[in-house]
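So this block is run22.txt, compact mmCIF, N, CA and C atoms and all ligand atoms:
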# COMPACT_ATOMS: atom_id res chain seq x y z
N MET M 1 -5.60 -25.10 38.06
CA MET M 1 -5.77 -26.51 38.40
C MET M 1 -6.99 -27.10 37.68
N PHE M 2 -8.00 -26.26 37.47
CA PHE M 2 -9.20 -26.71 36.78
C PHE M 2 -9.33 -26.02 35.43
N GLU M 3 -10.05 -26.67 34.52
CA GLU M 3 -10.27 -26.06 33.21
C GLU M 3 -11.08 -24.77 33.35
N ASN M 4 -12.00 -24.79 34.31
CA ASN M 4 -12.82 -23.62 34.57
C ASN M 4 -12.61 -23.24 36.03
N ASN M 5 -11.91 -22.15 36.26
CA ASN M 5 -11.51 -21.83 37.63
C ASN M 5 -12.55 -21.06 38.43
N SER M 6 -13.69 -20.76 37.81
CA SER M 6 -14.73 -20.06 38.55
C SER M 6 -15.32 -20.97 39.62
N LEU M 7 -15.49 -20.45 40.83
CA LEU M 7 -15.99 -21.28 41.92
C LEU M 7 -17.50 -21.49 41.85
N LEU M 8 -18.19 -20.62 41.11
CA LEU M 8 -19.64 -20.73 41.11
C LEU M 8 -20.21 -21.27 39.81
N SER M 9 -19.36 -21.43 38.81
CA SER M 9 -19.86 -21.88 37.51
C SER M 9 -19.93 -23.40 37.44
N TRP M 10 -21.00 -23.88 36.80
CA TRP M 10 -21.19 -25.32 36.68
C TRP M 10 -20.50 -25.88 35.45
N ARG M 11 -20.11 -24.99 34.52
CA ARG M 11 -19.58 -25.46 33.25
C ARG M 11 -18.26 -26.20 33.49
N ASN M 12 -18.22 -27.47 33.12
CA ASN M 12 -17.02 -28.30 33.25
C ASN M 12 -16.39 -28.22 34.63
N PHE M 13 -17.20 -28.08 35.67
CA PHE M 13 -16.60 -27.77 36.96
C PHE M 13 -15.68 -28.88 37.48
N SER M 14 -15.91 -30.12 37.01
CA SER M 14 -15.09 -31.21 37.52
C SER M 14 -13.89 -31.52 36.61
N GLN M 15 -13.77 -30.80 35.50
CA GLN M 15 -12.66 -31.05 34.58
C GLN M 15 -11.36 -30.48 35.14
N MET M 16 -10.38 -31.36 35.37
CA MET M 16 -9.10 -30.87 35.86
C MET M 16 -8.07 -30.88 34.75
N LYS M 17 -7.14 -29.95 34.83
CA LYS M 17 -6.00 -30.00 33.92
C LYS M 17 -5.15 -31.22 34.28
N GLU M 18 -4.42 -31.76 33.32
CA GLU M 18 -3.63 -32.95 33.61
C GLU M 18 -2.49 -32.64 34.57
N CYS M 19 -1.82 -31.52 34.31
CA CYS M 19 -0.72 -31.16 35.19
C CYS M 19 -0.57 -29.64 35.24
N CYS M 20 0.26 -29.21 36.20
CA CYS M 20 0.50 -27.79 36.37
C CYS M 20 1.27 -27.24 35.17
N PRO M 21 0.78 -26.15 34.56
CA PRO M 21 1.45 -25.60 33.39
C PRO M 21 2.85 -25.06 33.71
N VAL M 22 3.13 -24.78 34.98
CA VAL M 22 4.43 -24.20 35.35
C VAL M 22 5.44 -25.29 35.74
N CYS M 23 5.09 -26.14 36.69
CA CYS M 23 6.07 -27.10 37.20
C CYS M 23 5.80 -28.53 36.74
N LYS M 24 4.73 -28.74 35.98
CA LYS M 24 4.39 -30.06 35.43
C LYS M 24 4.01 -31.09 36.49
N GLN M 25 3.75 -30.63 37.70
CA GLN M 25 3.22 -31.53 38.72
C GLN M 25 1.89 -32.12 38.23
N LEU M 26 1.79 -33.45 38.26
CA LEU M 26 0.53 -34.09 37.87
C LEU M 26 -0.56 -33.75 38.88
N TYR M 27 -1.74 -33.44 38.40
CA TYR M 27 -2.84 -33.13 39.30
C TYR M 27 -3.55 -34.39 39.77
N GLU M 28 -3.35 -35.50 39.07
CA GLU M 28 -3.88 -36.77 39.57
C GLU M 28 -2.75 -37.79 39.56
N PRO M 29 -1.89 -37.74 40.61
CA PRO M 29 -0.68 -38.57 40.64
C PRO M 29 -0.98 -40.05 40.57
N GLU M 30 -2.15 -40.48 41.04
CA GLU M 30 -2.53 -41.89 40.96
C GLU M 30 -4.05 -41.97 40.85
N PRO M 31 -4.57 -43.08 40.31
CA PRO M 31 -6.03 -43.20 40.19
C PRO M 31 -6.68 -43.18 41.56
N GLY M 32 -7.79 -42.54 41.67
CA GLY M 32 -8.50 -42.47 42.94
C GLY M 32 -7.85 -41.53 43.94
N TYR M 33 -6.98 -40.68 43.44
CA TYR M 33 -6.23 -39.78 44.32
C TYR M 33 -7.15 -38.91 45.16
N TYR M 34 -8.30 -38.52 44.59
CA TYR M 34 -9.15 -37.56 45.27
C TYR M 34 -10.23 -38.21 46.12
N TYR M 35 -10.11 -39.51 46.35
CA TYR M 35 -11.07 -40.19 47.22
C TYR M 35 -11.13 -39.48 48.57
N GLY M 36 -9.95 -39.18 49.10
CA GLY M 36 -9.88 -38.55 50.42
C GLY M 36 -10.39 -37.13 50.45
N ALA M 37 -10.50 -36.51 49.26
CA ALA M 37 -11.02 -35.15 49.21
C ALA M 37 -12.46 -35.10 49.69
N MET M 38 -13.12 -36.26 49.67
CA MET M 38 -14.47 -36.36 50.21
C MET M 38 -14.53 -35.92 51.66
N PHE M 39 -13.50 -36.30 52.42
CA PHE M 39 -13.48 -35.94 53.83
C PHE M 39 -13.27 -34.44 54.00
N VAL M 40 -12.47 -33.86 53.09
CA VAL M 40 -12.27 -32.41 53.14
C VAL M 40 -13.58 -31.71 52.83
N SER M 41 -14.31 -32.18 51.83
CA SER M 41 -15.55 -31.52 51.48
C SER M 41 -16.58 -31.71 52.59
N TYR M 42 -16.51 -32.85 53.25
CA TYR M 42 -17.38 -33.08 54.40
C TYR M 42 -17.11 -32.03 55.48
N ALA M 43 -15.83 -31.81 55.75
CA ALA M 43 -15.46 -30.81 56.76
C ALA M 43 -15.87 -29.41 56.32
N LEU M 44 -15.65 -29.10 55.03
CA LEU M 44 -16.02 -27.78 54.52
C LEU M 44 -17.53 -27.54 54.61
N THR M 45 -18.28 -28.60 54.46
CA THR M 45 -19.74 -28.46 54.45
C THR M 45 -20.31 -28.42 55.86
N THR M 46 -19.73 -29.22 56.74
CA THR M 46 -20.28 -29.34 58.09
C THR M 46 -20.14 -28.05 58.89
N GLY M 47 -19.00 -27.41 58.79
CA GLY M 47 -18.74 -26.19 59.56
C GLY M 47 -19.82 -25.14 59.33
N PRO M 48 -19.93 -24.65 58.08
CA PRO M 48 -20.95 -23.63 57.80
C PRO M 48 -22.37 -24.10 58.12
N THR M 49 -22.66 -25.39 57.89
CA THR M 49 -24.01 -25.90 58.17
C THR M 49 -24.32 -25.77 59.66
N LEU M 50 -23.38 -26.19 60.49
CA LEU M 50 -23.60 -26.10 61.94
C LEU M 50 -23.76 -24.64 62.37
N ALA M 51 -22.98 -23.75 61.75
CA ALA M 51 -23.07 -22.33 62.09
C ALA M 51 -24.45 -21.79 61.73
N ILE M 52 -24.96 -22.18 60.55
CA ILE M 52 -26.27 -21.71 60.12
C ILE M 52 -27.37 -22.28 61.03
N VAL M 53 -27.25 -23.54 61.37
CA VAL M 53 -28.22 -24.16 62.27
C VAL M 53 -28.25 -23.42 63.60
N ALA M 54 -27.08 -23.11 64.13
CA ALA M 54 -27.00 -22.40 65.40
C ALA M 54 -27.67 -21.03 65.30
N LEU M 55 -27.36 -20.29 64.22
CA LEU M 55 -27.96 -18.97 64.03
C LEU M 55 -29.47 -19.06 63.94
N MET M 56 -29.94 -20.04 63.20
CA MET M 56 -31.39 -20.18 63.03
C MET M 56 -32.07 -20.51 64.36
N MET M 57 -31.39 -21.33 65.16
CA MET M 57 -31.98 -21.69 66.45
C MET M 57 -32.04 -20.49 67.37
N ILE M 58 -31.05 -19.60 67.22
CA ILE M 58 -31.02 -18.42 68.10
C ILE M 58 -32.08 -17.39 67.66
N PHE M 59 -32.15 -17.15 66.36
CA PHE M 59 -32.94 -16.01 65.89
C PHE M 59 -34.35 -16.32 65.42
N SER M 60 -34.68 -17.56 65.27
CA SER M 60 -36.00 -17.79 64.72
C SER M 60 -36.67 -19.04 65.27
N GLU M 61 -37.93 -18.87 65.59
CA GLU M 61 -38.72 -20.03 65.95
C GLU M 61 -39.73 -20.32 64.86
N GLU M 62 -39.73 -19.47 63.83
CA GLU M 62 -40.72 -19.59 62.77
C GLU M 62 -40.26 -20.50 61.65
N ILE M 63 -38.98 -20.74 61.59
CA ILE M 63 -38.47 -21.53 60.47
C ILE M 63 -38.69 -23.02 60.74
N THR M 64 -39.36 -23.67 59.83
CA THR M 64 -39.66 -25.08 60.03
C THR M 64 -38.49 -25.93 59.55
N THR M 65 -38.53 -27.16 59.97
CA THR M 65 -37.48 -28.09 59.56
C THR M 65 -37.39 -28.18 58.04
N TRP M 66 -38.56 -28.18 57.38
CA TRP M 66 -38.55 -28.35 55.93
C TRP M 66 -38.00 -27.13 55.21
N MET M 67 -38.30 -25.94 55.75
CA MET M 67 -37.70 -24.73 55.18
C MET M 67 -36.18 -24.81 55.31
N PHE M 68 -35.77 -25.29 56.48
CA PHE M 68 -34.34 -25.39 56.71
C PHE M 68 -33.69 -26.40 55.76
N VAL M 69 -34.30 -27.57 55.63
CA VAL M 69 -33.75 -28.59 54.74
C VAL M 69 -33.69 -28.07 53.31
N GLY M 70 -34.76 -27.37 52.89
CA GLY M 70 -34.81 -26.80 51.54
C GLY M 70 -33.67 -25.82 51.32
N ALA M 71 -33.48 -24.90 52.29
CA ALA M 71 -32.43 -23.91 52.17
C ALA M 71 -31.06 -24.57 52.13
N LEU M 72 -30.91 -25.61 52.94
CA LEU M 72 -29.63 -26.31 53.00
C LEU M 72 -29.31 -26.99 51.67
N VAL M 73 -30.30 -27.68 51.11
CA VAL M 73 -30.11 -28.36 49.83
C VAL M 73 -29.78 -27.34 48.75
N LEU M 74 -30.52 -26.23 48.74
CA LEU M 74 -30.28 -25.17 47.76
C LEU M 74 -28.84 -24.65 47.87
N ALA M 75 -28.41 -24.39 49.10
CA ALA M 75 -27.06 -23.88 49.32
C ALA M 75 -26.01 -24.90 48.86
N LEU M 76 -26.25 -26.17 49.17
CA LEU M 76 -25.29 -27.21 48.79
C LEU M 76 -25.18 -27.32 47.26
N VAL M 77 -26.33 -27.25 46.58
CA VAL M 77 -26.33 -27.32 45.13
C VAL M 77 -25.61 -26.11 44.55
N LEU M 78 -25.93 -24.94 45.11
CA LEU M 78 -25.34 -23.69 44.63
C LEU M 78 -23.82 -23.70 44.77
N PHE M 79 -23.34 -24.24 45.88
CA PHE M 79 -21.91 -24.17 46.16
C PHE M 79 -21.17 -25.45 45.82
N LEU M 80 -21.86 -26.39 45.17
CA LEU M 80 -21.20 -27.66 44.86
C LEU M 80 -19.90 -27.49 44.07
N PRO M 81 -19.89 -26.68 43.00
CA PRO M 81 -18.62 -26.52 42.27
C PRO M 81 -17.51 -25.96 43.16
N ALA M 82 -17.88 -25.01 44.03
CA ALA M 82 -16.88 -24.41 44.93
C ALA M 82 -16.36 -25.45 45.91
N ILE M 83 -17.27 -26.21 46.50
CA ILE M 83 -16.86 -27.23 47.48
C ILE M 83 -15.98 -28.28 46.81
N PHE M 84 -16.38 -28.69 45.61
CA PHE M 84 -15.62 -29.68 44.84
C PHE M 84 -14.19 -29.20 44.59
N LYS M 85 -14.06 -27.97 44.09
CA LYS M 85 -12.72 -27.47 43.73
C LYS M 85 -11.87 -27.20 44.97
N LEU M 86 -12.48 -26.57 45.98
CA LEU M 86 -11.71 -26.26 47.18
C LEU M 86 -11.24 -27.53 47.87
N SER M 87 -12.10 -28.55 47.94
CA SER M 87 -11.69 -29.75 48.66
C SER M 87 -10.56 -30.47 47.93
N ARG M 88 -10.60 -30.46 46.57
CA ARG M 88 -9.49 -31.08 45.83
C ARG M 88 -8.21 -30.29 45.97
N ALA M 89 -8.33 -28.95 45.95
CA ALA M 89 -7.14 -28.11 46.09
C ALA M 89 -6.52 -28.30 47.47
N ILE M 90 -7.38 -28.36 48.51
CA ILE M 90 -6.87 -28.55 49.86
C ILE M 90 -6.23 -29.94 49.99
N TRP M 91 -6.88 -30.94 49.41
CA TRP M 91 -6.38 -32.31 49.49
C TRP M 91 -4.99 -32.43 48.89
N ILE M 92 -4.80 -31.91 47.69
CA ILE M 92 -3.50 -32.06 47.03
C ILE M 92 -2.44 -31.23 47.78
N ASN M 93 -2.87 -30.14 48.42
CA ASN M 93 -1.93 -29.33 49.18
C ASN M 93 -1.45 -30.01 50.45
N ILE M 94 -2.23 -30.95 50.95
CA ILE M 94 -1.81 -31.67 52.16
C ILE M 94 -0.58 -32.53 51.83
N PHE M 95 -0.55 -33.08 50.61
CA PHE M 95 0.51 -34.04 50.27
C PHE M 95 1.62 -33.47 49.40
N ILE M 96 1.30 -32.45 48.63
CA ILE M 96 2.29 -31.87 47.73
C ILE M 96 2.37 -30.38 48.05
N SER M 97 3.54 -29.96 48.54
CA SER M 97 3.60 -28.56 48.94
C SER M 97 3.86 -27.65 47.75
N TYR M 98 3.32 -26.48 47.84
CA TYR M 98 3.47 -25.47 46.81
C TYR M 98 4.91 -24.97 46.82
N ASP M 99 5.50 -24.90 45.63
CA ASP M 99 6.88 -24.44 45.51
C ASP M 99 6.91 -23.12 44.78
N PRO M 100 7.12 -22.03 45.52
CA PRO M 100 7.07 -20.71 44.88
C PRO M 100 8.22 -20.51 43.89
N MET M 101 9.27 -21.35 43.99
CA MET M 101 10.41 -21.19 43.10
C MET M 101 10.25 -21.98 41.80
N ALA M 102 9.17 -22.73 41.68
CA ALA M 102 9.00 -23.63 40.54
C ALA M 102 9.08 -22.91 39.20
N ALA M 103 8.55 -21.71 39.15
CA ALA M 103 8.54 -20.98 37.89
C ALA M 103 9.96 -20.60 37.46
N ALA M 104 10.85 -20.43 38.46
CA ALA M 104 12.20 -19.96 38.17
C ALA M 104 13.15 -21.12 37.87
N THR M 105 12.86 -22.29 38.42
CA THR M 105 13.79 -23.41 38.25
C THR M 105 13.22 -24.44 37.28
N PRO M 106 14.08 -24.99 36.43
CA PRO M 106 13.61 -26.05 35.56
C PRO M 106 13.20 -27.26 36.40
N HIS M 107 12.10 -27.88 36.04
CA HIS M 107 11.54 -28.89 36.91
C HIS M 107 11.40 -30.22 36.20
N VAL M 108 11.56 -31.30 36.93
CA VAL M 108 11.35 -32.63 36.37
C VAL M 108 9.91 -33.04 36.66
N ARG M 109 9.25 -33.59 35.68
CA ARG M 109 7.86 -34.00 35.83
C ARG M 109 7.72 -35.00 36.98
N GLY M 110 6.75 -34.75 37.84
CA GLY M 110 6.49 -35.69 38.93
C GLY M 110 7.16 -35.28 40.22
N HIS M 111 8.00 -34.25 40.20
CA HIS M 111 8.65 -33.81 41.43
C HIS M 111 7.98 -32.56 41.98
ZN ZN U 201 3.21 -25.96 39.52

Hey, can you dump this file as structure tokens for me?
Amino acid sequence: MFENNSLLSWRNFSQMKECCPVCKQLYEPEPGYYYGAMFVSYALTTGPTLAIVALMMIFSEEITTWMFVGALVLALVLFLPAIFKLSRAIWINIFISYDPMAAATPHVRGH
């Protein structure tokens, strides 16, 4: 789906292929298609963040707010390519279902 499929690499991380090499499904069926992926990335980010906050509250009284904010920003930057790719992949999967038979059947572009 992406030119660079590594989840942790920054190189061209936002470059998407135009369409699926197997079934020719367009990866951006309309302009602004991935606007809603923002909400997916929000959900992906909030879950782990809340879990980390809870763990820190349980196990440590020594960690200051600023240490926490620093660690959080670092983690977000580190995982930005992963969050970006996963949220787009999840978003397109909500509307276009994966067809395991696509490789076997001749396909019309856009279907
Ligand atoms: Zn395909």

(request) Rank M:Ala82, M:Ile52, M:Ile90, M:Val73 by their smallest atom-to-atom distance to M:Ala37, using only N, CA and C atoms, and report the top residue only. (result)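 That would be M:Ile90, the residue with the smallest distance to M:Ala37.
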
(request) Write as a VMD selection string the residues around ligand ZN 201 (chain U), taking 8 Å as the cut-off and counting only C-alpha atoms and all ligand atoms. (result) chain M and resid 19 to 25 98 to 99 102 to 103

(request) Provide the atom N of M:Ala104 to atom CA of M:Trp91 distance in Å, to one decimal place. (result) 23.7 Å

(request) Between atom CA of M:Phe84 and atom C of M:Ser41, measure the distance and give it in Å to one decimal. (result)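 Taking atom CA of M:Phe84 and atom C of M:Ser41, their separation equals 8.1 Å.
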
(message) Using all atoms listed in the file, which protein or nucleic acid residues come within 8 Å of M:Leu80? Drop anything in the same chain fewer than 2 positions from it, and give the result as a list in words.
(response) Leu7, Leu8, Ser9, Trp10, Phe13, Leu74, Ala75, Leu76, Val77, Leu78, Ala82, Ile83, Phe84, Lys85 and Leu86 of chain M

(message) One decimal, in Å: what's the spacing between atom N of M:Gln15 and atom C of M:Thr45?
(response)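 Distance reported for this atom pair: 21.5 Å.
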
(message) List the spatial neighbours of M:Asn12 as a PyMOL selection string - criterion: any atom at most 8 Å away, all atoms listed in the file, same-chain residues fewer than 4 positions off excluded.
(response) chain M and resi 2-5+16

Atoms to include: N, CA and C atoms. Write the selected residues as a compact mmCIF listing (two decimals), in the coordinates of the input.
# COMPACT_ATOMS: atom_id res chain seq x y z
N PHE M 2 -8.00 -26.26 37.47
CA PHE M 2 -9.20 -26.71 36.78
C PHE M 2 -9.33 -26.02 35.43
N GLU M 3 -10.05 -26.67 34.52
CA GLU M 3 -10.27 -26.06 33.21
C GLU M 3 -11.08 -24.77 33.35
N ASN M 4 -12.00 -24.79 34.31
CA ASN M 4 -12.82 -23.62 34.57
C ASN M 4 -12.61 -23.24 36.03
N ASN M 5 -11.91 -22.15 36.26
CA ASN M 5 -11.51 -21.83 37.63
C ASN M 5 -12.55 -21.06 38.43
N MET M 16 -10.38 -31.36 35.37
CA MET M 16 -9.10 -30.87 35.86
C MET M 16 -8.07 -30.88 34.75

(request) Give me every helix (DSSP H, G or I) residue in chain M, going by DSSP on the backbone, as an MDAnalysis selection string. (result) chainID M and resid 33:59 65:95
